[in-house]
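Following: one structure in structure tokens, then a few remarks.
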Amino acid sequence: MNRQRVVAMILAGGQGSRLGVLTASVAKPAVPFGSRYRIIDFPLSNCTNSGIEAVGVLTQYQPLELNAYIGNGHSWDLDRNSGGAFILPPYQSSGRSDWYKGTANAIYQNIPFIDGYRPEIVLILSGDHIYKMNYEKMVRYHEEKMADATIAVLEVPWEEISRFGIMKTNDRAEITEFLEKPATADSNLASMGVYCFNWKALRTALMEDESNPKSSNDFGKNIIPAMLENKQRVMAYRFSGYWKDVGTVSSLWEANMDLLDYPDQIDLHDASWRIYSRNPIRPSHYIGQKAVLDRVALTDGDEIYGTVRHSVLSHSVIVEEGAVVTDSILMPGVHVGKNAKLDRCIVSINTKIGANVEIGPEVKDGIKDYVNKRLCTNGISLVADELEIRPGAKFAGSSMITGQKSDASENVVSVRSDD
Amino acid sequence: MNRQRVVAMILAGGQGSRLGVLTASVAKPAVPFGSRYRIIDFPLSNCTNSGIEAVGVLTQYQPLELNAYIGNGHSWDLDRNSGGAFILPPYQSSGRSDWYKGTANAIYQNIPFIDGYRPEIVLILSGDHIYKMNYEKMVRYHEEKMADATIAVLEVPWEEISRFGIMKTNDRAEITEFLEKPATADSNLASMGVYCFNWKALRTALMEDESNPKSSNDFGKNIIPAMLENKQRVMAYRFSGYWKDVGTVSSLWEANMDLLDYPDQIDLHDASWRIYSRNPIRPSHYIGQKAVLDRVALTDGDEIYGTVRHSVLSHSVIVEEGAVVTDSILMPGVHVGKNAKLDRCIVSINTKIGANVEIGPEVKDGIKDYVNKRLCTNGISLVADELEIRPGAKFAGSSMITGQKSDASENVVSVRSDD
Amino acid sequence: MLSKTMGLILADHHRIHLSELNQPRALAAMPFGGRYRIIDFTLSNMVNSGIKQVGVIALSAYKSLMDHLGTGASWDLDRMQQGLYLLPPYINAASIGDDSDLTGLLDFFSGSTQQTVVICDANIVMNYTFEEMVRQFNEGNQDILALYNRDGNQFGSPVISLDLDRRGFVRDVMIDALEIPSQRSFLGAIVVSRDLITSIIAEAIARGQTDFSLERILKMYTQYRIRGYEYKGKSLRINSVAGYFNASMRLLDSEFRQALFNEDTPIYTKVKNAAPAVYEHGSGVTNALCSDGCRIYGDVRNSILFRNVMVAKHATVENCVIFQDVQISEGAHLSNVILDKDCVVRMGVKLQGHPDYPVVIRKGAIV
Amino acid sequence: MLSKTMGLILADHHRIHLSELNQPRALAAMPFGGRYRIIDFTLSNMVNSGIKQVGVIALSAYKSLMDHLGTGASWDLDRMQQGLYLLPPYINAASIGDDSDLTGLLDFFSGSTQQTVVICDANIVMNYTFEEMVRQFNEGNQDILALYNRDGNQFGSPVISLDLDRRGFVRDVMIDALEIPSQRSFLGAIVVSRDLITSIIAEAIARGQTDFSLERILKMYTQYRIRGYEYKGKSLRINSVAGYFNASMRLLDSEFRQALFNEDTPIYTKVKNAAPAVYEHGSGVTNALCSDGCRIYGDVRNSILFRNVMVAKHATVENCVIFQDVQISEGAHLSNVILDKDCVVRMGVKLQGHPDYPVVIRKGAIV
């Protein structure tokens, strides 16, 4: 196998349960985002644009969709002979057969994969953040500072520090302490989940971590604190620019709307830093005679005959005449029937919304059986993939609509071919 | 995802323990074969040459080497946008997390992968057979006969029927009975482990099999007998040509030697049916001033300064002056030191045989601690990968030499970087 | 799926010139339908028929065609065996005076092992697989099978009319005949055996011919038995600027769109990785086919917009075809205009053509 | 790794002609070392330096070169962004009389965003990365950096001698000088900024020039500051048939092989999927570099065998270079012979050349 100076490992993670039914049949990184993209397009494109050609994607949960999406890596120019994009699920070997126990254990189990490239540097990335970043610059910083590990950080508002992993640094930008979601702190530098390691140092740290039965095998909780304890050189690398964790329903919704409201923040038109994606081969989108569009993102295969306001639509979405879609995200293949009203909805792949259906916080006398205020904050409703919502059905806001609830099943039909 | 009329699924299987240390760190299909190849090159090349472009490779054991070997599929022209070669290990989904329970269960767990291509036909292939076969012809036969399933069969010598799954057929070539390794039978048609199914029929059979808690979820033991019981149409497709199961040490050794002894049987020079493979980028092989070669297969990167007789050498093998290699198989990167004598040895990847080492049935006073007559039949010795055999060490024939035995460890050193 | 058939696409047509639109690019590389080049249709038709070896022969201005086709990966033709071949000559035969220009073509055919060849002009837009036609060729008793339909004369010159006898064999071929002898117009595709086309080309080389066209082959109807094969589906012919404009506008008809685009036989094209299109507050867009990367603040009606078109506030675009990367500034007013790539329309500029005589603005112009 | 550098390879050299060996193929496509074409070395050197955008410009006989390079996948250059470009003109400029032949080259450079350009002749065989040379270029104070070494005159004409001043700048350039003013011979590679090379080509076009060579650029030493950069490793120059033969024989020297082939900077080439080589009972092979697909029954000494060479019983091959798919029949006896592709040597035939005047048998000959 060819040598690669830098290998990137993307933690595509577990079930991502805070996204509710959106991850019922796909891993979180494969969730559609921003009309043309899936979440994982951002770290993958960052890798390609940074000149990184060997990428491992670690997942043990529903990898099929991700596998099919990434395919041979061609869409991201990652169909390399001497590298490429590889999905890495857990496997059995002579002595061992384990699911991934934590983020660090996932990397530990794939040491032979990384060793195969004989890299100097290994980047550990998260699969659920939206940002554009030149990792090559970070690697150069890491090398110049002769660090063992470098963590990308950005300033967050002081009132939000309790939502992040916070880094304390000294005046040489060395990290002195790592605080996981602190109530108060005298630093507002949050970890972006982008780690750069000397492979030798990380390899040793992973072996030690694995032999510690008390460890939860996590980068943030175990590996970084242990390196700090061992007095290894851990640097902070300051990033400024758009960055958003899309791990919750409301943050996913917000990040989508940011594309409409603050299009310059994460500029998707930037020819020098393209975000690559894989899309089905569909014609240009068509806008009908009576359509009304007001702050809307569209892409290939969409057909709009109704009214759409402040919404982000993925490919092959049809909105029929008289339908009104507001503040919503419609994922690939969604069909909105005549006169249906969707307000603050995230509708997942291939679901068919029948005529006159109404979903949203303003709906009167809507069915409340699906309301889930824990996950569906800010009045946002989720509709699972591959469903058929029967014509005329009405649902209250903050609903999480699946085909598995029996008590209201006359309104919701799962059209998945089996299960 | 694009439609594919035919999808092939290669059962790359479990630990392949009958190959002993050869599969200590690689899955069986990734075992080197015939100088330039790995075993899986044969079914993969058959797929490419038959025009099949979507191939799943099912494995849960040591997939890394296989993953790295198959890469983006480019070497087999399988780096397709609308298909390609995919490694499919087990995964977790909302309700379930299981290792593959049997061959049928492995396919069952990957129903969504196959469904994605909306195929008419699914081929189930084994990853450990050496043969050249046009699957497209078999598919056409299957369709003409309007079969639910078609099984490729070949005539085996009557005295060997107890080693195979034997098919009884009627005069229309319909299979009437399936006998797993029978002591006697009135048919000598053996299953080649190549199955062609209507996807609909197979899909139903897999669902039924899965819901049967008594089933061992195996194609030969459960799926085919159940289809026969249900009076489904199961046809036999006669194949004549070279075919060899390489699941045991002696059959692997024989199949390699067949390339030297019967080169026309599985003609590797046939330009109309190339066997593709992936090899490192190495220069042509060099033959030194004092070399003697007598019935030897060589490939890129080999350097021969000694004597080699009736042996098959993979790439990047070095045989130093005075060394004598006879009736042996040397896998990629093996280094044979000066005056070493190897007789009937299969030496695995990157192992270094020290000067004056002797291994073979004729060695007098050889160490007997490694003798394993159960796996190492016919006097053949196995030497594991990434070892260093200390100069002057002598081993009896039928040895299985690993770095893990402590009682003779002064002679054998594991050079693997960790464990 | 056709496994023993190869394809050849003629990227230029000696009778078809689309004025300034055709100057910076081969005919086959003409942008069409928001995100395609017209060759995408023929190439996808071949790929969707199972053809895995396709040659493309261009006479001139091949650079944008080469850029578009690249390694052939977008059509899954970046193969070790077979795949996409760009055939020499790339330059206009007339300017060299060399009699060996067809040897590249001869090599392409003689080096293959396929039995049958589908040869297509690039100016026909349809969604079609050649499986049935090739099947009939293999079973039938003729040397060449020629595709035709009955709407050719709707699209203007050149029309190649085929006069067929009762058994369907060509007995006369007329180009732009005043009195059309038959409603059957050649639809730019033939099926022929590889052996026959190889010998036809070898003979042409021996006679010192330097060009190759389907018209020339059809005219051999006295020498070879050429049978007609009727196509009854929807198709568009790109024969002239007005024909191009007219064909583009047909895409606003949903019946045509459904005939051209479906999921089982997709039309592949080069992937561009543009951003999604955004329709801003105040935009008014109706009956329009638009593409990724567009940013619309103004009004767009009955138009085709390619990728990355910007329509500013208070600008109006009506009955237009706007190629990629065009910028239309505030208050501009365009109707019946074809704007080539990279144009800029300044503030307040008004351009008005007629459906039969659309205004054509050449690549990169600032108006 | 160089991330802001692009490469250009000149596949032909106006002073180098390898008689019949060079006729069916560009100089760059000359088979070398059992499984390579000579361009593989330069192309791999660029790729191993991190260069991801490489143009190749050939003047004639480009078909075997195109077949060899394909989509660029063997060098990992089949990319969406950047990758491998085959540049027009593909035909000999002289035969057209068109003054725009360099525009393709100009487009290639002006369309890129790289800062620095490495331009190489294809006739140099070495294993080298340009990282250090480009670093010195970036830090140094010159317009052009030119690679040279001190063994040029060993390989015969053409030798471009560089006379350098004390600070390393070129003050004279002599071609095949009788009295060599310096031991420094140009080694077929320069580093230049993209801006400068673009303006040099633009000016050449303006002056009506139709060709491009490194010699022409070196001769601009009065106009631009050209500094020499010494290469001290092993290299081979393919300047003539005897030079080719001599360079091939050097590969039997293990020191040379080690210098040219190593795992960290591999020399990539097109994959062929031949069978392994088989040495049959009775064969006698010593000091030979042989390739996949060979079947040897006879004797081979001090020779280079390309893929799929068959040497029959009682045949003897000594001091020979045998290209791929050659068949040598029983009892034949060859010494100091270069046999091109697809040749057949009949039973008992004897051919004997001299190391300085090897017998050359042209492609496909039956002897």
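If you're wondering about the labels, chains in the structure tokens are A, B, ... by order shown, residues count from 1 in each chain, ligands from 1 in order shown.
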**Request:** Write out as a PyMOL selection string every residue belonging to chain B that has an atom at most 8 Å from any atom of chain A, counting only C-alpha atoms.
**Result:** chain B and resi 1+15+24-25+60-64+67-68+71-74+79-81+83-84+86+89-94+112-113+280
Expected file contents, prior selection, C-alpha atoms, as a PDB file, in the first residue's frame:
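Produced file result-v2.pdb, reproduced below:
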ATOM      1  CA  MET B   1     -29.067   4.109  -7.101  1.00  0.00           C
ATOM      2  CA  GLN B  15     -12.034 -17.730   9.517  1.00  0.00           C
ATOM      3  CA  ALA B  24      -4.263 -15.794  10.856  1.00  0.00           C
ATOM      4  CA  SER B  25      -4.406 -12.184   9.712  1.00  0.00           C
ATOM      5  CA  GLN B  60     -16.951 -10.460   9.090  1.00  0.00           C
ATOM      6  CA  TYR B  61     -13.463 -11.749   9.627  1.00  0.00           C
ATOM      7  CA  GLN B  62     -10.320  -9.663   9.119  1.00  0.00           C
ATOM      8  CA  PRO B  63     -11.743  -7.512   6.324  1.00  0.00           C
ATOM      9  CA  LEU B  64      -8.965  -4.904   6.425  1.00  0.00           C
ATOM     10  CA  ASN B  67     -10.664  -3.936   1.971  1.00  0.00           C
ATOM     11  CA  ALA B  68      -7.226  -2.615   1.113  1.00  0.00           C
ATOM     12  CA  GLY B  71      -9.858  -0.743  -2.713  1.00  0.00           C
ATOM     13  CA  ASN B  72     -12.042   1.179  -5.125  1.00  0.00           C
ATOM     14  CA  GLY B  73     -12.413  -1.907  -7.360  1.00  0.00           C
ATOM     15  CA  HIS B  74     -10.385  -0.279 -10.103  1.00  0.00           C
ATOM     16  CA  ASP B  79     -14.958   1.250  -9.926  1.00  0.00           C
ATOM     17  CA  ARG B  80     -18.411   1.921 -11.380  1.00  0.00           C
ATOM     18  CA  ASN B  81     -20.682   4.830 -10.574  1.00  0.00           C
ATOM     19  CA  GLY B  83     -22.407  -0.337  -9.128  1.00  0.00           C
ATOM     20  CA  GLY B  84     -18.989  -1.432  -7.965  1.00  0.00           C
ATOM     21  CA  PHE B  86     -18.477  -3.373  -1.816  1.00  0.00           C
ATOM     22  CA  PRO B  89     -19.525  -6.623   7.113  1.00  0.00           C
ATOM     23  CA  PRO B  90     -22.343  -6.981   9.650  1.00  0.00           C
ATOM     24  CA  TYR B  91     -23.737  -3.794  11.146  1.00  0.00           C
ATOM     25  CA  GLN B  92     -26.129  -2.496  13.762  1.00  0.00           C
ATOM     26  CA  SER B  93     -29.545  -1.147  12.851  1.00  0.00           C
ATOM     27  CA  SER B  94     -32.341   0.265  14.994  1.00  0.00           C
ATOM     28  CA  PRO B 112     -31.431  -3.609   1.637  1.00  0.00           C
ATOM     29  CA  PHE B 113     -28.100  -3.542  -0.246  1.00  0.00           C
ATOM     30  CA  PRO B 280       2.151  -3.395  -6.020  1.00  0.00           C
TER      31      PRO B 280
END
**Request:** With a distance cut-off of 6 Å and only C-alpha atoms, select the neighbouring residues of segment 4-20 of chain D, excluding the residue or stretch itself and same-chain residues fewer than 3 positions from it, and output the selection as a list in words.
**Result:** Gln23, Leu27, Ala28, Ile51, Gln53, Val54, Gly55, Val56, Ile57, Ala58, Gln114, Gln115, Thr116, Val117, Val118, Ile119, Cys120, Asp121, Ala122, Asn239, Ser240, Val241 and Arg362 of chain D
**Asked** Among segment 90-295 of chain A, which ones does DSSP place in strand (DSSP E or B), written as a VMD selection string?
**Response** chain A and resid 92 to 93 96 to 97 121 to 126 129 to 131 149 to 155 165 to 169 174 to 180 189 to 198 234 to 238 243 to 245 285 to 287 292 to 295
Take the residues just selected and output them with C-alpha atoms as a compact mmCIF listing (two decimals), in the first residue's frame.
# COMPACT_ATOMS: atom_id res chain seq x y z
CA GLN A 92 -13.82 -10.19 13.89
CA SER A 93 -10.19 -11.18 14.05
CA ARG A 96 -11.53 -10.80 19.20
CA SER A 97 -14.93 -9.70 17.98
CA ILE A 121 -0.24 12.53 11.01
CA VAL A 122 -3.72 11.23 11.74
CA LEU A 123 -6.68 13.57 11.76
CA ILE A 124 -9.74 12.60 13.79
CA LEU A 125 -12.89 14.31 12.49
CA SER A 126 -16.53 14.31 13.43
CA HIS A 129 -20.45 19.20 11.78
CA ILE A 130 -21.05 21.72 9.02
CA TYR A 131 -17.95 23.82 8.27
CA ALA A 149 -1.73 16.67 19.44
CA THR A 150 -3.49 19.77 18.17
CA ILE A 151 -7.15 20.52 18.73
CA ALA A 152 -9.09 22.97 16.60
CA VAL A 153 -10.98 25.46 18.75
CA LEU A 154 -13.27 28.38 18.17
CA GLU A 155 -14.64 31.08 20.40
CA GLY A 165 -15.92 20.87 25.49
CA ILE A 166 -13.93 23.92 26.65
CA MET A 167 -10.13 24.24 26.37
CA LYS A 168 -8.01 26.26 28.74
CA THR A 169 -4.79 27.45 27.15
CA GLU A 174 -0.75 25.17 24.75
CA ILE A 175 -3.79 23.47 26.19
CA THR A 176 -3.56 23.14 29.92
CA GLU A 177 -6.95 21.81 30.78
CA PHE A 178 -9.95 20.25 29.09
CA LEU A 179 -13.39 20.82 30.60
CA GLU A 180 -16.29 18.78 29.28
CA LEU A 189 -12.57 28.24 23.41
CA ALA A 190 -14.66 25.24 22.38
CA SER A 191 -13.36 22.09 20.75
CA MET A 192 -14.63 21.67 17.20
CA GLY A 193 -14.13 17.91 17.27
CA VAL A 194 -11.18 18.21 14.88
CA TYR A 195 -8.03 16.57 16.28
CA CYS A 196 -4.61 16.35 14.71
CA PHE A 197 -2.23 13.76 16.16
CA ASN A 198 1.26 12.51 15.55
CA VAL A 234 -1.25 19.56 23.13
CA MET A 235 -1.82 22.74 21.15
CA ALA A 236 -4.95 24.73 20.39
CA TYR A 237 -5.47 25.78 16.77
CA ARG A 238 -7.81 28.76 16.43
CA TRP A 243 -19.08 25.96 12.23
CA LYS A 244 -22.18 24.21 13.43
CA ASP A 245 -22.90 20.95 15.22
CA HIS A 285 -35.82 21.75 -11.47
CA TYR A 286 -39.08 23.00 -12.92
CA ILE A 287 -41.19 25.84 -11.55
CA VAL A 292 -44.60 31.16 -5.54
CA LEU A 293 -41.05 30.98 -4.21
CA ASP A 294 -39.79 33.20 -1.41
CA ARG A 295 -36.35 32.47 0.04
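Interface residues of chain C facing chain B, defined by any atom at most 7 Å away and using only C-alpha atoms, are Asp76, Arg79 and Met80 of chain C.
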**Prompt:** Which residue gives the smallest distance to chain C among D:Ala146, D:Leu84, D:Ala26, D:Leu65, with only C-alpha atoms counted?
**Reply:** D:Leu84
**Residue neighbourhood Tyr221 of chain C, 8 Å, only C-alpha atoms, exclusion window fewer than 6 positions, as a PyMOL selection string** = chain C and resi 170-172
**Request:** Do a neighbour search on Lys341 of chain D at 6 Å with only C-alpha atoms, toss out local chain neighbours closer than 3 positions, and write the hits as a ChimeraX atom specification.
**Result:** /D:323-325,363
For the selection just defined, write its residues with N, CA and C atoms to a file, as a PDB file, in the first residue's frame.
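Listed below is the output, out-v7.pdb:
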ATOM      1  N   PHE D 323      11.014  -6.881 -27.057  1.00  0.00           N
ATOM      2  CA  PHE D 323       9.765  -6.212 -26.697  1.00  0.00           C
ATOM      3  C   PHE D 323       8.631  -7.227 -26.546  1.00  0.00           C
ATOM      4  N   GLN D 324       7.458  -6.714 -26.166  1.00  0.00           N
ATOM      5  CA  GLN D 324       6.402  -7.645 -25.783  1.00  0.00           C
ATOM      6  C   GLN D 324       5.837  -8.447 -26.949  1.00  0.00           C
ATOM      7  N   ASP D 325       5.288  -9.598 -26.596  1.00  0.00           N
ATOM      8  CA  ASP D 325       4.585 -10.478 -27.544  1.00  0.00           C
ATOM      9  C   ASP D 325       5.478 -10.975 -28.679  1.00  0.00           C
ATOM     10  N   LYS D 363       8.780  -3.476 -35.637  1.00  0.00           N
ATOM     11  CA  LYS D 363       7.524  -4.002 -35.096  1.00  0.00           C
ATOM     12  C   LYS D 363       6.838  -4.959 -36.069  1.00  0.00           C
TER      13      LYS D 363
END
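A straight line drawn from atom CA of Gly13 of chain A to atom CA of Ala30 of chain A is 11.1 Å long.
Among the candidate residues D:Val271, D:Ser254, D:Met249, D:Gln142, the one lying nearest to chain C is D:Val271, with distances computed using only C-alpha atoms.
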**Item:** Long-range neighbours of Gly33 of chain D as a PyMOL selection string, 10 Å cut-off, only C-alpha atoms, 6 positions minimum in chain
**Value:** (chain B and resi 283-284) or (chain D and resi 247-252+257+289-291+304-306+321+323)
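Between Gly104 of chain D and the candidates C:Arg135, C:Lys63, C:Arg35, C:His68, the tightest atom-to-atom separation, counting only C-alpha atoms, involves C:Lys63.
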**Item:** Non-local contacts of Ser110 of chain D (12 Å; only C-alpha atoms; under 6 positions in same chain excluded) as a ChimeraX atom specification
**Value:** /D:6,103-104,117,193-202
Just all heavy atoms for this one: save the residues we selected as a JSON list (two decimals), in the first residue's frame.
[["chain", "number", "residue", "atom", "x", "y", "z"],
["D", 6, "MET", "N", 2.62, 22.53, -11.19],
["D", 6, "MET", "CA", 2.07, 21.71, -12.26],
["D", 6, "MET", "C", 3.22, 21.22, -13.14],
["D", 6, "MET", "O", 4.33, 21.73, -13.05],
["D", 6, "MET", "CB", 1.05, 22.52, -13.08],
["D", 6, "MET", "CG", 1.65, 23.68, -13.83],
["D", 6, "MET", "SD", 0.40, 24.91, -14.38],
["D", 6, "MET", "CE", -0.58, 23.93, -15.49],
["D", 103, "THR", "N", -1.45, 27.54, -29.00],
["D", 103, "THR", "CA", -2.53, 28.08, -28.16],
["D", 103, "THR", "C", -3.04, 27.05, -27.16],
["D", 103, "THR", "O", -3.45, 27.41, -26.06],
["D", 103, "THR", "CB", -3.70, 28.59, -29.01],
["D", 103, "THR", "OG1", -4.09, 27.55, -29.90],
["D", 103, "THR", "CG2", -3.32, 29.82, -29.80],
["D", 104, "GLY", "N", -3.01, 25.77, -27.55],
["D", 104, "GLY", "CA", -3.44, 24.74, -26.61],
["D", 104, "GLY", "C", -2.56, 24.77, -25.37],
["D", 104, "GLY", "O", -3.04, 24.65, -24.24],
["D", 117, "VAL", "N", 5.90, 25.74, -12.44],
["D", 117, "VAL", "CA", 5.78, 24.72, -13.48],
["D", 117, "VAL", "C", 7.09, 23.95, -13.58],
["D", 117, "VAL", "O", 8.16, 24.57, -13.60],
["D", 117, "VAL", "CB", 5.47, 25.38, -14.85],
["D", 117, "VAL", "CG1", 5.30, 24.32, -15.93],
["D", 117, "VAL", "CG2", 4.22, 26.25, -14.76],
["D", 193, "SER", "N", 8.27, 29.90, -13.26],
["D", 193, "SER", "CA", 6.97, 30.31, -12.73],
["D", 193, "SER", "C", 5.94, 30.21, -13.85],
["D", 193, "SER", "O", 6.27, 30.34, -15.03],
["D", 193, "SER", "CB", 7.02, 31.74, -12.21],
["D", 193, "SER", "OG", 7.11, 32.63, -13.29],
["D", 194, "ARG", "N", 4.70, 29.97, -13.47],
["D", 194, "ARG", "CA", 3.65, 29.86, -14.48],
["D", 194, "ARG", "C", 3.48, 31.18, -15.23],
["D", 194, "ARG", "O", 3.24, 31.19, -16.43],
["D", 194, "ARG", "CB", 2.33, 29.44, -13.83],
["D", 194, "ARG", "CG", 1.23, 29.08, -14.82],
["D", 194, "ARG", "CD", 0.03, 28.53, -14.10],
["D", 194, "ARG", "NE", -0.53, 29.48, -13.18],
["D", 194, "ARG", "CZ", -1.37, 30.46, -13.51],
["D", 194, "ARG", "NH1", -1.76, 30.61, -14.76],
["D", 194, "ARG", "NH2", -1.82, 31.28, -12.59],
["D", 195, "ASP", "N", 3.66, 32.28, -14.51],
["D", 195, "ASP", "CA", 3.52, 33.57, -15.17],
["D", 195, "ASP", "C", 4.55, 33.74, -16.28],
["D", 195, "ASP", "O", 4.22, 34.17, -17.39],
["D", 195, "ASP", "CB", 3.71, 34.71, -14.15],
["D", 195, "ASP", "CG", 2.50, 34.82, -13.24],
["D", 195, "ASP", "OD1", 1.45, 34.23, -13.59],
["D", 195, "ASP", "OD2", 2.61, 35.45, -12.18],
["D", 196, "LEU", "N", 5.81, 33.38, -15.99],
["D", 196, "LEU", "CA", 6.84, 33.60, -16.99],
["D", 196, "LEU", "C", 6.65, 32.69, -18.20],
["D", 196, "LEU", "O", 6.73, 33.14, -19.34],
["D", 196, "LEU", "CB", 8.24, 33.37, -16.38],
["D", 196, "LEU", "CG", 9.40, 33.54, -17.37],
["D", 196, "LEU", "CD1", 9.39, 34.90, -18.04],
["D", 196, "LEU", "CD2", 10.75, 33.29, -16.68],
["D", 197, "ILE", "N", 6.36, 31.42, -17.96],
["D", 197, "ILE", "CA", 6.22, 30.51, -19.10],
["D", 197, "ILE", "C", 5.02, 30.92, -19.95],
["D", 197, "ILE", "O", 5.04, 30.82, -21.19],
["D", 197, "ILE", "CB", 6.16, 29.03, -18.65],
["D", 197, "ILE", "CG1", 6.39, 28.10, -19.85],
["D", 197, "ILE", "CG2", 4.86, 28.65, -17.98],
["D", 197, "ILE", "CD1", 7.79, 28.13, -20.39],
["D", 198, "THR", "N", 3.97, 31.41, -19.29],
["D", 198, "THR", "CA", 2.80, 31.88, -20.04],
["D", 198, "THR", "C", 3.19, 33.04, -20.95],
["D", 198, "THR", "O", 2.83, 33.06, -22.14],
["D", 198, "THR", "CB", 1.69, 32.32, -19.06],
["D", 198, "THR", "OG1", 1.43, 31.25, -18.15],
["D", 198, "THR", "CG2", 0.40, 32.66, -19.80],
["D", 199, "SER", "N", 3.98, 33.96, -20.42],
["D", 199, "SER", "CA", 4.32, 35.12, -21.26],
["D", 199, "SER", "C", 5.33, 34.71, -22.35],
["D", 199, "SER", "O", 5.27, 35.23, -23.46],
["D", 199, "SER", "CB", 4.82, 36.29, -20.42],
["D", 199, "SER", "OG", 6.15, 36.11, -20.04],
["D", 200, "ILE", "N", 6.21, 33.75, -22.06],
["D", 200, "ILE", "CA", 7.13, 33.27, -23.11],
["D", 200, "ILE", "C", 6.34, 32.66, -24.26],
["D", 200, "ILE", "O", 6.61, 32.91, -25.44],
["D", 200, "ILE", "CB", 8.14, 32.25, -22.52],
["D", 200, "ILE", "CG1", 9.16, 32.96, -21.61],
["D", 200, "ILE", "CG2", 8.85, 31.48, -23.63],
["D", 200, "ILE", "CD1", 10.13, 32.03, -20.91],
["D", 201, "ILE", "N", 5.33, 31.85, -23.92],
["D", 201, "ILE", "CA", 4.56, 31.19, -24.98],
["D", 201, "ILE", "C", 3.71, 32.22, -25.73],
["D", 201, "ILE", "O", 3.61, 32.17, -26.96],
["D", 201, "ILE", "CB", 3.70, 30.06, -24.39],
["D", 201, "ILE", "CG1", 4.62, 28.96, -23.88],
["D", 201, "ILE", "CG2", 2.74, 29.50, -25.44],
["D", 201, "ILE", "CD1", 3.93, 27.93, -23.03],
["D", 202, "ALA", "N", 3.12, 33.16, -24.99],
["D", 202, "ALA", "CA", 2.31, 34.18, -25.65],
["D", 202, "ALA", "C", 3.16, 34.95, -26.66],
["D", 202, "ALA", "O", 2.73, 35.25, -27.77],
["D", 202, "ALA", "CB", 1.70, 35.12, -24.61]]
**Prompt:** Separation of atom CA of His310 of chain B and atom CA of Ser250 of chain B, in Å?
**Reply:** 15.5 Å
